[in-house]
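K.L.:
So here's structure12.tsv (TSV, C-alpha atoms).
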chain	number	residue	atom	x	y	z
A	225	MET	CA	-22.79	45.43	-14.96
A	226	LYS	CA	-24.39	42.21	-13.70
A	227	SER	CA	-24.42	40.77	-17.21
A	228	ILE	CA	-20.69	41.53	-17.61
A	229	ASN	CA	-19.92	39.81	-14.28
A	230	LEU	CA	-22.07	36.86	-15.27
A	231	LEU	CA	-20.29	36.68	-18.62
A	232	ILE	CA	-16.86	36.74	-16.89
A	233	VAL	CA	-17.89	33.98	-14.47
A	234	ALA	CA	-19.21	31.89	-17.38
A	235	MET	CA	-15.96	32.37	-19.33
A	236	ILE	CA	-13.82	31.44	-16.33
A	237	SER	CA	-15.95	28.35	-15.68
A	238	LEU	CA	-15.66	27.31	-19.32
A	239	ALA	CA	-11.87	27.81	-19.22
A	240	VAL	CA	-11.51	25.73	-16.06
A	241	PHE	CA	-13.74	22.98	-17.45
A	242	SER	CA	-11.81	22.96	-20.74
A	243	ALA	CA	-8.45	22.79	-18.97
A	244	ASN	CA	-9.65	19.87	-16.85
A	245	SER	CA	-10.87	18.06	-19.96
A	246	VAL	CA	-7.48	18.43	-21.64
A	247	PHE	CA	-5.47	17.12	-18.68
A	248	ALA	CA	-7.85	14.49	-17.34
A	249	GLY	CA	-8.30	10.98	-18.62
A	250	ASP	CA	-11.48	9.00	-18.14
A	251	ASP	CA	-10.83	8.91	-14.40
A	252	GLY	CA	-9.34	12.35	-13.84
A	253	TYR	CA	-5.66	11.37	-13.69
A	254	GLY	CA	-4.82	11.90	-17.34
A	255	LYS	CA	-2.00	10.27	-19.25
A	256	GLN	CA	1.05	9.34	-17.22
A	257	LYS	CA	4.57	8.08	-17.85
A	258	VAL	CA	6.23	6.30	-14.93
A	259	VAL	CA	9.33	4.24	-14.22
A	260	TYR	CA	9.42	1.87	-11.27
A	261	HIS	CA	12.89	1.09	-9.88
A	262	ILE	CA	13.61	-2.33	-8.38
A	263	ASN	CA	17.12	-3.14	-7.14
A	264	TYR	CA	16.36	-5.29	-4.08
A	265	ASP	CA	15.84	-9.03	-3.73
A	266	ASN	CA	13.20	-9.29	-1.00
A	267	PRO	CA	10.36	-11.29	-2.62
A	268	LYS	CA	7.67	-9.67	-0.43
A	269	ALA	CA	8.89	-6.20	-1.37
A	270	GLN	CA	9.03	-7.19	-5.03
A	271	ALA	CA	5.48	-8.59	-4.88
A	272	GLY	CA	4.43	-5.33	-3.19
A	273	ALA	CA	6.01	-3.32	-6.01
A	274	LEU	CA	4.07	-5.35	-8.58
A	275	ARG	CA	0.87	-4.73	-6.59
A	276	ASN	CA	1.65	-1.00	-6.62
A	277	ILE	CA	2.00	-1.10	-10.40
A	278	ASN	CA	-1.25	-3.02	-10.77
A	279	ASN	CA	-3.05	-0.55	-8.50
A	280	HIS	CA	-1.58	2.33	-10.52
A	281	ILE	CA	-3.01	0.78	-13.69
A	282	LYS	CA	-6.41	0.32	-12.03
A	283	ALA	CA	-6.47	3.98	-10.97
A	284	VAL	CA	-5.30	5.52	-14.23
A	285	GLY	CA	-6.32	2.95	-16.81
A	286	ALA	CA	-3.93	0.89	-18.92
A	287	LYS	CA	-4.48	3.12	-21.95
A	288	ASN	CA	-3.44	6.17	-19.90
A	289	LEU	CA	-0.26	4.69	-18.44
A	290	ASP	CA	3.13	4.20	-20.04
A	291	ALA	CA	4.86	2.15	-17.33
A	292	LYS	CA	8.34	0.70	-17.27
A	293	VAL	CA	10.12	-1.31	-14.59
A	294	VAL	CA	13.91	-1.02	-14.47
A	295	LEU	CA	15.70	-3.90	-12.78
A	296	HIS	CA	19.36	-3.91	-11.81
A	297	GLY	CA	21.56	-5.44	-9.14
A	298	LYS	CA	19.62	-7.70	-6.79
A	299	GLY	CA	16.41	-6.59	-8.51
A	300	LEU	CA	17.05	-9.16	-11.24
A	301	THR	CA	16.01	-11.83	-8.74
A	302	LEU	CA	12.43	-10.83	-9.62
A	303	LEU	CA	12.91	-12.54	-13.01
A	304	LEU	CA	15.59	-15.08	-12.03
A	305	THR	CA	14.20	-18.61	-11.88
A	306	PRO	CA	14.94	-20.42	-8.60
A	307	ASP	CA	16.74	-23.30	-10.36
A	308	ALA	CA	19.03	-20.91	-12.24
A	309	ALA	CA	20.22	-18.98	-9.18
A	310	ALA	CA	22.92	-21.53	-8.32
A	311	ASN	CA	24.65	-20.80	-11.64
A	312	THR	CA	24.83	-17.05	-10.97
A	313	LYS	CA	26.33	-14.71	-8.39
A	314	LEU	CA	22.87	-14.00	-6.95
A	315	LYS	CA	21.76	-15.94	-3.88
A	316	THR	CA	18.18	-16.59	-4.89
A	317	GLY	CA	15.71	-16.51	-7.72
A	318	ASN	CA	12.20	-15.21	-7.02
A	319	ALA	CA	10.57	-16.04	-10.36
A	320	ASN	CA	8.27	-18.75	-9.05
A	321	GLN	CA	4.91	-19.48	-10.68
A	322	GLU	CA	3.10	-16.77	-8.72
A	323	MET	CA	5.68	-14.09	-9.53
A	324	GLU	CA	5.78	-15.13	-13.18
A	325	ALA	CA	1.98	-14.84	-13.37
A	326	ARG	CA	2.11	-11.33	-11.89
A	327	VAL	CA	4.81	-10.23	-14.32
A	328	SER	CA	2.93	-11.75	-17.29
A	329	GLY	CA	-0.29	-10.03	-16.21
A	330	LEU	CA	1.45	-6.65	-16.05
A	331	LYS	CA	3.10	-7.22	-19.42
A	332	ASP	CA	-0.34	-8.01	-20.87
A	333	LEU	CA	-1.41	-4.56	-19.64
A	334	GLY	CA	1.50	-2.89	-21.43
A	335	VAL	CA	4.13	-2.68	-18.68
A	336	SER	CA	7.67	-3.24	-19.95
A	337	PHE	CA	10.49	-4.67	-17.86
A	338	LYS	CA	14.01	-3.39	-18.59
A	339	VAL	CA	17.03	-5.44	-17.45
A	340	CYS	CA	20.51	-4.03	-16.77
A	341	ASN	CA	23.24	-5.54	-18.96
A	342	ASN	CA	25.91	-4.54	-16.43
A	343	THR	CA	24.18	-6.74	-13.85
A	344	LEU	CA	23.80	-9.60	-16.32
A	345	ASN	CA	27.55	-9.55	-16.93
A	346	GLY	CA	28.60	-8.88	-13.34
A	347	LYS	CA	26.35	-11.55	-11.82
A	348	LYS	CA	26.97	-14.12	-14.58
A	349	ILE	CA	23.32	-14.26	-15.65
A	350	SER	CA	22.14	-15.44	-19.06
A	351	TYR	CA	18.93	-13.68	-19.99
A	352	GLU	CA	18.00	-16.56	-22.35
A	353	LYS	CA	18.56	-19.38	-19.83
A	354	ASP	CA	18.19	-17.87	-16.38
A	355	LEU	CA	15.50	-15.17	-16.56
A	356	PHE	CA	11.75	-15.45	-17.03
A	357	ASP	CA	10.40	-13.97	-20.28
A	358	VAL	CA	13.26	-11.59	-21.14
A	359	GLU	CA	14.04	-10.77	-24.75
A	360	LYS	CA	17.14	-9.08	-26.14
A	361	THR	CA	15.08	-5.91	-26.64
A	362	ASP	CA	14.42	-5.80	-22.87
A	363	ILE	CA	18.13	-5.39	-22.10
A	364	VAL	CA	19.49	-1.89	-21.45
A	365	PRO	CA	23.22	-1.13	-21.14
A	366	SER	CA	22.91	0.29	-17.61
A	367	GLY	CA	19.97	0.24	-15.22
A	368	VAL	CA	20.86	3.53	-13.54
A	369	ALA	CA	21.56	5.24	-16.86
A	370	GLU	CA	18.15	4.03	-18.09
A	371	LEU	CA	16.48	5.48	-15.00
A	372	SER	CA	18.10	8.83	-15.71
A	373	ARG	CA	17.23	8.70	-19.43
A	374	LEU	CA	13.58	7.99	-18.70
A	375	GLN	CA	13.38	10.81	-16.16
A	376	ILE	CA	14.83	13.21	-18.75
A	377	LEU	CA	12.06	12.02	-21.09
A	378	GLY	CA	9.44	12.97	-18.49
A	379	TYR	CA	8.84	9.68	-16.69
A	380	THR	CA	7.96	10.00	-13.01
A	381	TYR	CA	10.39	8.00	-10.85
A	382	ILE	CA	8.91	5.64	-8.26
A	383	LYS	CA	10.87	3.37	-5.95
A	384	PRO	CA	8.35	1.19	-4.10
Spell out the structure here as structure tokens.

P.N.:
Amino acid sequence: MKSINLLIVAMISLAVFSANSVFAGDDGYGKQKVVYHINYDNPKAQAGALRNINNHIKAVGAKNLDAKVVLHGKGLTLLLTPDAAANTKLKTGNANQEMEARVSGLKDLGVSFKVCNNTLNGKKISYEKDLFDVEKTDIVPSGVAELSRLQILGYTYIKP
């Protein structure tokens, strides 16, 4: 009877260990898909959001994280250069050297930034002239629709 109980305990332990190995990455968090939502223009809050993303990468590991940032409305100020703001319907541009360096660093770690086309049109913003490091492939038809699409695909929604 003791040997049967010992065998059962060993099998349960092996099953738990195997399950943890399947779900855990190098650090125990495993692979993650996440979308960060930015639709506000406060530069301190935007910098805080970028810090959150960087800390997320440090915790999980860049190879374990598929991270996207969706920007719409006032959130486009994160990538709007200060000089370009006067030509748009946004009051300010927060893409100074420090913010650009943070965005570039996150992009180097695999984070993608998605920009709302509705906002580009509504706020009279040219992604080629007014925004920092935005390509045509970064443009999505609607920021909120993109947030919904990504959540349907299993991305965890975070609004820092």

K.L.:
Name the residues in contact with Lys338 of chain A at a cut-off of 7 Å, using all atoms listed in the file, excluding same-chain residues fewer than 4 positions from it; report them as a ChimeraX atom specification.

P.N.:
/A:293-295,362-364

K.L.:
Excluding same-chain residues fewer than 2 positions from segment 262-270 of chain A, what lies within 9 Å of it counting all atoms listed in the file, as an MDAnalysis selection string?

P.N.:
chainID A and resid 260 272:275 293:302 316:318 323 383:384

K.L.:
Determine, counting all atoms listed in the file, every residue of protein, DNA or RNA that lies within 7 Å of (11.6, 8.7, -12.9) in the file coordinates, then give the result as a ChimeraX atom specification.

P.N.:
/A:258-259,371,374-375,379-382

K.L.:
With only C-alpha atoms as the atoms that count, which of A:Ala271, A:Leu314, A:Val327, A:Leu333 lies nearest to Ala286 of chain A?

P.N.:
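The answer is A:Leu333, which sits nearest to Ala286 of chain A.
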
K.L.:
Here is a test: counting all atoms listed in the file, which residue of A:Gln256, A:Ser328, A:Thr305, A:Gln321 is nearest to Ile281 of chain A?

P.N.:
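Checking each of A:Gln256, A:Ser328, A:Thr305, A:Gln321 against Ile281 of chain A, counting all atoms listed in the file, the winner is A:Gln256.
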
K.L.:
Here is a test: counting all atoms listed in the file, which residue of A:Lys331, A:Arg373, A:Arg326, A:Lys313 is nearest to Lys347 of chain A?

P.N.:
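Distance minimum relative to Lys347 of chain A lands on A:Lys313.
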
K.L.:
Compile the contact shell of Phe356 of chain A as a CSV table (one decimal) with C-alpha atoms, in the frame of the given file: residues with an atom at most 9 Å away, counting only C-alpha atoms, same-chain residues fewer than 5 positions apart removed.

P.N.:
chain,number,residue,atom,x,y,z
A,302,LEU,CA,12.4,-10.8,-9.6
A,303,LEU,CA,12.9,-12.5,-13.0
A,304,LEU,CA,15.6,-15.1,-12.0
A,305,THR,CA,14.2,-18.6,-11.9
A,319,ALA,CA,10.6,-16.0,-10.4
A,324,GLU,CA,5.8,-15.1,-13.2
A,351,TYR,CA,18.9,-13.7,-20.0

K.L.:
Just want the 9 Å neighbourhood of Gly334 of chain A, counted on all atoms listed in the file, with same-chain residues fewer than 5 positions away dropped. Output as a PyMOL selection string.

P.N.:
chain A and resi 286-287+289-292

K.L.:
Tell me, in Å to one decimal, how far atom CA of Phe337 of chain A is from atom CA of Val358 of chain A.

P.N.:
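The value is 8.1 Å.
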
K.L.:
Take atom CA of Asn320 of chain A and atom CA of Val284 of chain A and report the distance between them in Å, one decimal.

P.N.:
28.3 Å

K.L.:
Report the distance between atom CA of Lys257 of chain A and atom CA of Ala325 of chain A in Å, rounded to one decimal place.

P.N.:
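Those two atoms sit 23.5 Å apart.
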
K.L.:
Since the input is missing atoms, can you rebuild N, CA and C atoms for segment 296-318 of chain A and write them as a short mmCIF file (atom, residue, chain, number, x, y, z; two decimals), keeping the file's coordinate frame?

P.N.:
data_model
loop_
_atom_site.label_atom_id
_atom_site.label_comp_id
_atom_site.auth_asym_id
_atom_site.auth_seq_id
_atom_site.Cartn_x
_atom_site.Cartn_y
_atom_site.Cartn_z
N HIS A 296 17.91 -3.76 -11.80
CA HIS A 296 19.36 -3.91 -11.81
C HIS A 296 19.81 -4.44 -10.46
N GLY A 297 21.05 -4.88 -10.38
CA GLY A 297 21.56 -5.44 -9.14
C GLY A 297 20.69 -6.61 -8.67
N LYS A 298 20.43 -6.62 -7.37
CA LYS A 298 19.62 -7.70 -6.79
C LYS A 298 18.18 -7.71 -7.31
N GLY A 299 17.77 -6.65 -7.96
CA GLY A 299 16.41 -6.59 -8.51
C GLY A 299 16.16 -7.64 -9.58
N LEU A 300 17.24 -8.13 -10.22
CA LEU A 300 17.05 -9.16 -11.24
C LEU A 300 16.52 -10.46 -10.67
N THR A 301 16.57 -10.62 -9.35
CA THR A 301 16.01 -11.83 -8.74
C THR A 301 14.51 -11.93 -9.00
N LEU A 302 13.87 -10.82 -9.30
CA LEU A 302 12.43 -10.83 -9.62
C LEU A 302 12.17 -11.74 -10.82
N LEU A 303 13.08 -11.75 -11.79
CA LEU A 303 12.91 -12.54 -13.01
C LEU A 303 13.81 -13.78 -13.07
N LEU A 304 14.67 -13.95 -12.07
CA LEU A 304 15.59 -15.08 -12.03
C LEU A 304 14.85 -16.32 -11.52
N THR A 305 14.88 -17.38 -12.30
CA THR A 305 14.20 -18.61 -11.88
C THR A 305 14.97 -19.25 -10.73
N PRO A 306 14.28 -19.83 -9.77
CA PRO A 306 14.94 -20.42 -8.60
C PRO A 306 16.02 -21.44 -8.95
N ASP A 307 15.77 -22.28 -9.96
CA ASP A 307 16.74 -23.30 -10.36
C ASP A 307 18.00 -22.69 -10.97
N ALA A 308 17.89 -21.53 -11.57
CA ALA A 308 19.03 -20.91 -12.24
C ALA A 308 19.94 -20.14 -11.28
N ALA A 309 19.46 -19.81 -10.11
CA ALA A 309 20.22 -18.98 -9.18
C ALA A 309 21.58 -19.57 -8.83
N ALA A 310 21.67 -20.88 -8.70
CA ALA A 310 22.92 -21.53 -8.32
C ALA A 310 24.03 -21.30 -9.33
N ASN A 311 23.66 -21.02 -10.58
CA ASN A 311 24.65 -20.80 -11.64
C ASN A 311 25.07 -19.34 -11.76
N THR A 312 24.55 -18.49 -10.89
CA THR A 312 24.83 -17.05 -10.97
C THR A 312 25.48 -16.58 -9.68
N LYS A 313 25.78 -15.30 -9.62
CA LYS A 313 26.33 -14.71 -8.39
C LYS A 313 25.23 -14.10 -7.52
N LEU A 314 23.97 -14.41 -7.81
CA LEU A 314 22.87 -14.00 -6.95
C LEU A 314 22.48 -15.18 -6.06
N LYS A 315 22.04 -14.88 -4.86
CA LYS A 315 21.76 -15.94 -3.88
C LYS A 315 20.45 -16.67 -4.12
N THR A 316 19.50 -15.99 -4.74
CA THR A 316 18.18 -16.59 -4.89
C THR A 316 17.52 -16.12 -6.17
N GLY A 317 16.56 -16.89 -6.61
CA GLY A 317 15.71 -16.51 -7.72
C GLY A 317 14.27 -16.47 -7.23
N ASN A 318 13.57 -15.38 -7.51
CA ASN A 318 12.20 -15.21 -7.02
C ASN A 318 11.13 -15.45 -8.08
#
